[in-house]
Structure formats: C-alpha cells, structure tokens
Amino acid sequence: MGQEKFGFEADVSKLLDIVAHSLYSEREVFLRELISNASDACDKLRYAAITKPALIEGDPDFKITIALDKKAKTLSVADNGIGMNRKELIENLGTLARSGTAAFVGQLSGEAAKDSSLIGQFGVGFYSAFMVADKVEVVTRRAGEKKAWRWTSDGAGEFTVEEAGNDDAPARGARITVHLKKDQKEFAEPMRVQTIVRRYSDHIGVPVVLLDGDKEDTLNEASALWTLPKAKVKEEQYKEFYHHVGHTFDEPWLTLHWKAEGRLEYAALLFVPSSKPLDLFEPQRKNQVRLYVARVFITDECDELLPRWLRFLRGVVDSEDLPLNISREMLQHNPVLAKIRSGLVKRVLGELKKKAEKAPEDYDIFWENFGGVLKEGLYEDVGHREDLLGLTRFKTTNGEGLTSLAEYVGRMKKDQEAIYTIAGDGDEQLRASPQLEGFVSRGLEVLLMTDPVDEFWAQSITEFDGKPFKSITRGSADLDKFKPKKDKKAADAEPADDTEIDTLVAVLKIALKDAVKDVRRTQRLNESAVCLVADETDMDMHLERLLKQHKQIETASTRILEINPGHGVIKALAKKAGKKNAAAQLDDAAHILLDQARIMEGEPVPDPAGFARRLSGLMEKGLK
C-alpha cells in the first residue's frame with residue numbers, strides 16, 4: 001500500500017495551530033507526555049501478554065528508549081509496548097479520541113496568551129510534540145502483527161500514513177521521532193533530557209533509557225510509586241505522578257496514599273484535582289482510576305472499583321488478592337473488588353470530612369469544583385447518604401458563602417419546622433425569585449439548589465436531623481407565625497380590603513379558567529404582584545422544567561397563581577373587581593398577570609402576540 005494523505009479533524013487542526021504557536025513557557029513537558037504515552041503502551045501489552053504470552057516472546061522486558069541526534073536535530077522516544085496498526089494510527093493520531101478533548105477545544109479563544117494557560121491546565125498528550133517540532137514521525141508495529149506503519153505530519157492540517165519497511169521499524173511498539181525547530185535544539189542535548197526525565201518521569205514504572213553513542217543510561221527509578229512507604233516519597237514525585245496518571249497539568253488538591261493490610265491487602269495512591277476536568281460531566285460518567293494487580297496494569301475503565309460519584313479521582317489501586325488474568329466480566333461480580341471498593345470509599349469520604357473540618361475555606365474550593373458530582377451519591381448510594389449529607393454545602397439567602405446542613409439547622413428560627421429550599425438554574429436567578437420575598441423579609445434562610453441533581457436526591461431524602469426539606473415553590477407558604485421585618489413603606493400603605501381581594505380572586509379564576517389550577521392570596525410576596533407555585537401534590541416546578549427539556553415528560557402541570565394583596569396593582573384591580581362589568585374589564589389584566597408570573601419564572605409566554613396586544617391596550621388606557 002502506497003502513501004495515503006489524510007486531513008486532521010477540524011478540532012485537531014485548531015488544537016495543533018494553537019499548540020504550535022502557544023506561549024506556554026514549559027515546552028519541555030512534551031517529553032513527559034511522550035514518555036507517559038509510551039509507559040501506557042507498555043502497561044497495555046503487559047496485560048495482554050497474560051493471556052497471550054507469545055506477544056512478548058523473545059523480548060519480555062519493557063523499556064522506553066530516548067535517542068538524540070544533534071546533527072539532524074532530532075529526538076526520538078521508542079517503546080516496546082502494544083504498538084498500533086494502520087487503523088489505530090489514523091484514529092488515535094488524527095481525531096480527538098480522548099474524552100473531554102472536544103470540550104477543551106471548544107473553550108479555546110484563538111488568543112495565544114489566554115489559550116496557553118488553558119493548554120497548560122489540560123495537557124494535550126501526543127500533540128504537545130508540535131510545541132517544539134516542525135515535523136513528527138511515528139513508526140509503529142502492533143504486537144503480534146506483521147506489518148509496520150509510518151505516520152508523518154508537520155502539524156499544518158494533514159498527515160500521511162504508509163507501510164514501513166521492516167529494517168526501519170521496531171519489532172513491536174512505537175518510535176516517535178521529533179524533528180526539532182531551529183530554536184528548540186536544546187532538546188537534543190543529553191544533559192537537558194536527563195534533567196527533564198528526572199524531574200517529570202522518575203516515577204514511571206518502566207525503565208527510561210537514554211542512548212548516548214554506545215552508552216545506555218537509565219534515567220529513572222522505575223519503581224511503582226504507590227508501593228513505596230509514604231515517608232520515602234517526595235511531594236514533587238507525587239505531583240509528577242499525578243500529572244502522568246491524570247494526563248493533566250494542574251496541581252493535586254488532595255493526595256491520598258495508603259496501604260491496606262490484614263485479610264485484604266491493596267495499595268492506593270489517589271488524587272483529587274485542584275481544577276474541574278473537562279470530561280467530568282460526560283454522559284458515560286467514567287471513572288479515571290487505574291486498577292493494577294501485583295503491579296501489572298489491568299484496566300483504566302473499571303466501574304466496579306469506585307462509584308461514579310467519585311469519578312473526579314485520579315490515581316492507582318494495586319491489589320495482590322485479585323487474579324492476574326481477571327477479565328472485565330469477572331470484575332463485575334468479584335467479592336474482593338467489592339471489599340476494596342468499600343474500603344476506598346470509606347477512606348476518601350473520611351479524608352474529605354477531615355478537610356472540611358480542619359480547612360473549611362479550602363474545602364469550599366473542592367466543593368465548587370466537585371460538589372455537583374458528589375451529590376449524585378445522595379441519589380444513587382443509600383449506604384453512604386449520611387456521610388454525604390454531612391459533606392454537602394449550599395449557597396443560601398444568608399450571605400454569599402457556603403453552608404453545611406448542620407450549620408443551617410443551627411441557625412433555624414425557634415418555630416421553624418422545615419429546611420426551606422428553592423431550586424433553579426443559577427445562584428443569581430434564584431436570589432431574584434419572587435417566591436423568596438416573604439421568607440427573606442421574615443429572616444427565614446433558604447437553601448439555593450442550583451445543581452440539576454438536587455431535584456432528584458431531594459425526592460428520596462426527605463429530612464436531615466429530623467427536619468424535613470420543603471420547597472418554597474410548592475404548596476402554601478404558611479408564614480403566619482413569623483413576623484416580617486418592619487418596613488416603613490409597607491406600614492404606611494393602606495391595607496387592602498379583604499372582601500375586595502376575595503372578589504378579585506373570584507374574577508381572576510373566571511377569566512383564567514383552566515390556565516391555572518387555582519388563584520389565591522399569599523404571604524409569600526412582598527414586592528412582586530404575583531407568582532406561580534406548584535400544588536403540594538404536584539412535581540416541583542424546576543424539576544418539571546428539567547424533565548420537559550430532556551423530553552422525559554410532554555406536558556407541564558397547571559400552576560397556582562398567587563397574588564400579593566398588599567401590592568398597588570393588585571389593590572387597584574381589587575377595587576375594580578366589585579364594579580359592574582368588572583369581569584370583562586379585568587380579563588386582559590388577568591392574562592397579563594399570569595404571563596408576568598411566567599416571565600419571572602423564566603418560562604415562555606404561550607401567546608406572545610396576545611401578551612403584547614393586551615399590554616399595549618392597558619398602556620393606552622392608562623395614558624388617556
């Protein structure tokens with residue numbers, strides 16, 4: 001087969017253009033990324049060889065080799081790992097195969113100064129080579145296959161693939177040759193490469209060997225970092241291992257390293273990132289912790305190892321008690337793995353609790369990043385609900401900071417029987433909600449629930465510390481026993497006549513007919529004239545909107561329209577309600593009030609033309 005030419009996917013081309021012209025200062029990290037990928041390739045073949053030992057026959061010892069050619073200005077990284085065939089070359093090096101990469105590209109602005117920072121946070125794996133190269137060449141042969149292949153690109157939008165001759169190809173694995181730019185010749189210097197490898201890749205479990213003429217110099221410790229005692233591991237080693245295993249550039253927010261001993265033995269080295277991974281809310285919700293058995297990589301897609309609500313964790317778990325030849329099907333029902341999972345969850349939740357108690361401000365940073373994921377456990381994991389409830393944090397109407405449920409309960413008013421909540425799409429939107437007015441004026445704190453999962457766990461967890469959760473957008477407000485704060489403007493206003501308000505309610509019900517379930521006066525409102533609420537037995541309004549958006553339900557429930565008897569507009573309408581022909585005169589006003597309530601809820605007006613016509617008519621009458 002002759003040389004074939006392919007175009008990169010549009011997202012890859014955009015990424016490569018920004019990477020190539022990035023202002024990212026530490027260009028040396030390209031070598032770390034290439035070594036990390038080579039290490040992964042060796043891990044995959046080591047696992048495959050458990051059931052197919054012929055794959056490593058004649059060459060059982062894995063290693064990564066770096067070769068330099070100062071005259072040709074090249075640096076090559078070779079491994080004897082799993083390798084790639086033609087199809088894999090095209091898929092892996094021509095498309096954005098990594099989960100979350102497309103989302104990353106979507107955030108790039110095209111401004112190098114801004115994007116270089118983002119690139120630094122995310123990491124770009126193989127493509128980082130183009131920060132220092134004007135051409136990259138990959139020669140590879142998949143273990144167990146005869147044909148070898150060559151991939152070549154200058155990163156300008158196209159790449160070529162062709163069959164490689166046996167004389168120029170590894171027996172298995174891959175060799176990546178980086179043709180250095182004129183101003184990047186430093187990366188062909190042995191001392192420079194040694195420094196980079198020892199700084200970034202000392203933890204790699206495969207020997208990294210530098211070829212310098214006939215001399216071979218092993219540059220790294222080549223030890224499994226997670227098997228070492230904590231006292232022997234430096235902070236810098238933890239950090240660089242996190243970069244390797246997490247394929248990211250940020251710093252770990254929390255490092256957990258321990259060895260479980262006794263009837264069940266395993267080692268764990270886990271990290272909580274300091275920034276939110278871009279693939280955190282991918283539909284598959286995959287875990288990112290690698291499973292090893294006796295230092296042999298098994299899989300990085302083991303849903304049984306940790307619950308999905310801990311998928312922000314990165315790291316390694318290594319067990320001596322699982323069989324080396326364990327299959328993914330066997331993992332699903334393995335009692336040893338179930339016990340390891342239980343131990344991991346207990347340890348992680350315990351460490352998070354310590355952090356929340358000893359460093360609450362630091363914990364708030366974690367919560368802003370991963371609270372929405374952790375709360376999925378409230379809905380999915382009955383066994384850990386109590387621990388998770390203690391870790392939850394919320395914004396409330398009581399200031400801008402975060403609060404725990406225990407702190408909220410501690411601040412509850414003397415006669416307050418419920419934990420009040422309101423759900424919506426964002427903090428600012430909720431703070432402007434008319435439903436809050438009566439609660440805020442009475443000093444009643446309300447939890448602002450802005451994560452979509454809040455609606456779901458709140459359906460199954462009805463109380464905390466004996467106090468029930470109550471949505472303030474459903475059912476009656478029942479605020480009689482709480483006195484509102486004194487307001488001179490409200491005190492000077494002439495109170496509405498109860499009989500007139502009752503008459504107005506009756507007129508509004510006739511005018512609106514089936515458009516509302518009911519019309520009633522409320523204490524819920526202070527400044528707004530009207531609002532919509534759900535009946536006590538109906539679904540919460542925000543949850544219903546979410547389900548409708550995702551086509552889980554077709555039609556929404558009919559709402560209750562609540563009116564504020566102290567509002568000027570309502571009082572004016574109430575005075576007209578008892579007069580002759582009031583129903584006909586107030587019909588337009590009734591529909592405008594309903595549409596106004598819908599608008600304040602962020603809901604569409606079903607008849608925009610009718611709304612505009614009625615509003616224009618009322619304005620015209622008012623201006624005469």
# chains A, B, ... in the order shown; residues from 1 in each chain; ligands from 1

$ residues_around --residues "stretch 419-435 of chain A" --least-positions-apart "5" --cutoff "10 Å" --atoms "only C-alpha atoms" --output "JSON, numbers by chain"
{"A": [395, 396, 397, 400, 405, 408, 409, 412, 440, 444, 445, 446, 447, 448, 449, 450, 451, 452, 454, 455, 458, 463, 464, 466, 467, 468, 469, 470, 471, 472, 473, 474, 477, 523, 524, 525, 526, 527, 528, 529, 530, 531, 532, 533, 540, 541, 542, 543, 545, 546, 562, 597, 600, 601, 602]}

$ residues_around --residues "A:Asn166" --least-positions-apart "2" --cutoff "10 Å" --atoms "only C-alpha atoms" --output "PyMOL selection string"
chain A and resi 141+146-149+163-164+168-171

$ select_by_dssp --residues "stretch 13-226 of chain A" --states "helix (DSSP H, G or I)" --output "ChimeraX atom specification"
/A:13-20,29-51,53-56,86-94,101-107,112-122,125-131,166-168,182-188,190-200,225-226

$ closest_residue --among "A:Leu561, A:Ile592, A:Leu504, A:Leu331" --to "A:Leu573" --atoms "only C-alpha atoms"
A:Leu504

$ residues_around --residues "A:Asp518" --least-positions-apart "2" --cutoff "8 Å" --atoms "only C-alpha atoms" --output "ChimeraX atom specification"
/A:509,516,520,559-561

$ write_last_selection --atoms "N, CA and C atoms" --output "PDB file, in the first residue's frame"
ATOM      1  N   LYS A 509     -60.149  33.863  38.664  1.00  0.00           N
ATOM      2  CA  LYS A 509     -60.402  32.447  38.388  1.00  0.00           C
ATOM      3  C   LYS A 509     -61.299  32.282  37.165  1.00  0.00           C
ATOM      4  N   VAL A 516     -54.935  28.068  34.949  1.00  0.00           N
ATOM      5  CA  VAL A 516     -54.350  27.906  36.279  1.00  0.00           C
ATOM      6  C   VAL A 516     -55.144  26.881  37.063  1.00  0.00           C
ATOM      7  N   ARG A 520     -55.034  32.395  44.477  1.00  0.00           N
ATOM      8  CA  ARG A 520     -55.187  32.626  45.917  1.00  0.00           C
ATOM      9  C   ARG A 520     -54.263  33.736  46.374  1.00  0.00           C
ATOM     10  N   ARG A 559     -50.393  25.397  37.067  1.00  0.00           N
ATOM     11  CA  ARG A 559     -49.887  26.038  38.286  1.00  0.00           C
ATOM     12  C   ARG A 559     -50.963  26.787  39.052  1.00  0.00           C
ATOM     13  N   ILE A 560     -50.589  27.155  40.251  1.00  0.00           N
ATOM     14  CA  ILE A 560     -51.424  28.033  41.079  1.00  0.00           C
ATOM     15  C   ILE A 560     -50.881  29.444  40.952  1.00  0.00           C
ATOM     16  N   LEU A 561     -51.754  30.406  40.704  1.00  0.00           N
ATOM     17  CA  LEU A 561     -51.355  31.815  40.645  1.00  0.00           C
ATOM     18  C   LEU A 561     -51.609  32.436  42.009  1.00  0.00           C
TER      19      LEU A 561
END

$ atom_distance --atom1 "atom CA of A:Ile510" --atom2 "atom CA of A:Ala496"
21.2 Å

$ residues_around --residues "stretch 136-139 of chain A" --least-positions-apart "6" --cutoff "6 Å" --atoms "only C-alpha atoms" --output "NGL selection string"
:A and (149-153 or 174-178)

$ residues_around --residues "A:Lys414" --least-positions-apart "4" --cutoff "12 Å" --atoms "only C-alpha atoms" --output "PyMOL selection string"
chain A and resi 409-410+418+443-444+481-482

$ residues_around --residues "A:Arg442" --least-positions-apart "3" --cutoff "6 Å" --atoms "only C-alpha atoms" --output "mmCIF file with C-alpha atoms, in the first residue's frame"
data_model
loop_
_atom_site.group_PDB
_atom_site.id
_atom_site.type_symbol
_atom_site.label_atom_id
_atom_site.label_comp_id
_atom_site.auth_asym_id
_atom_site.auth_seq_id
_atom_site.Cartn_x
_atom_site.Cartn_y
_atom_site.Cartn_z
ATOM 1 C CA PHE A 439 -39.128 34.308 53.549
ATOM 2 C CA LYS A 483 -43.332 38.389 61.749
ATOM 3 C CA PRO A 484 -41.805 40.276 58.807
ATOM 4 C CA LYS A 485 -39.167 42.902 59.426
#

$ atom_distance --atom1 "atom CA of A:Gln416" --atom2 "atom CA of A:Gly438"
14.2 Å
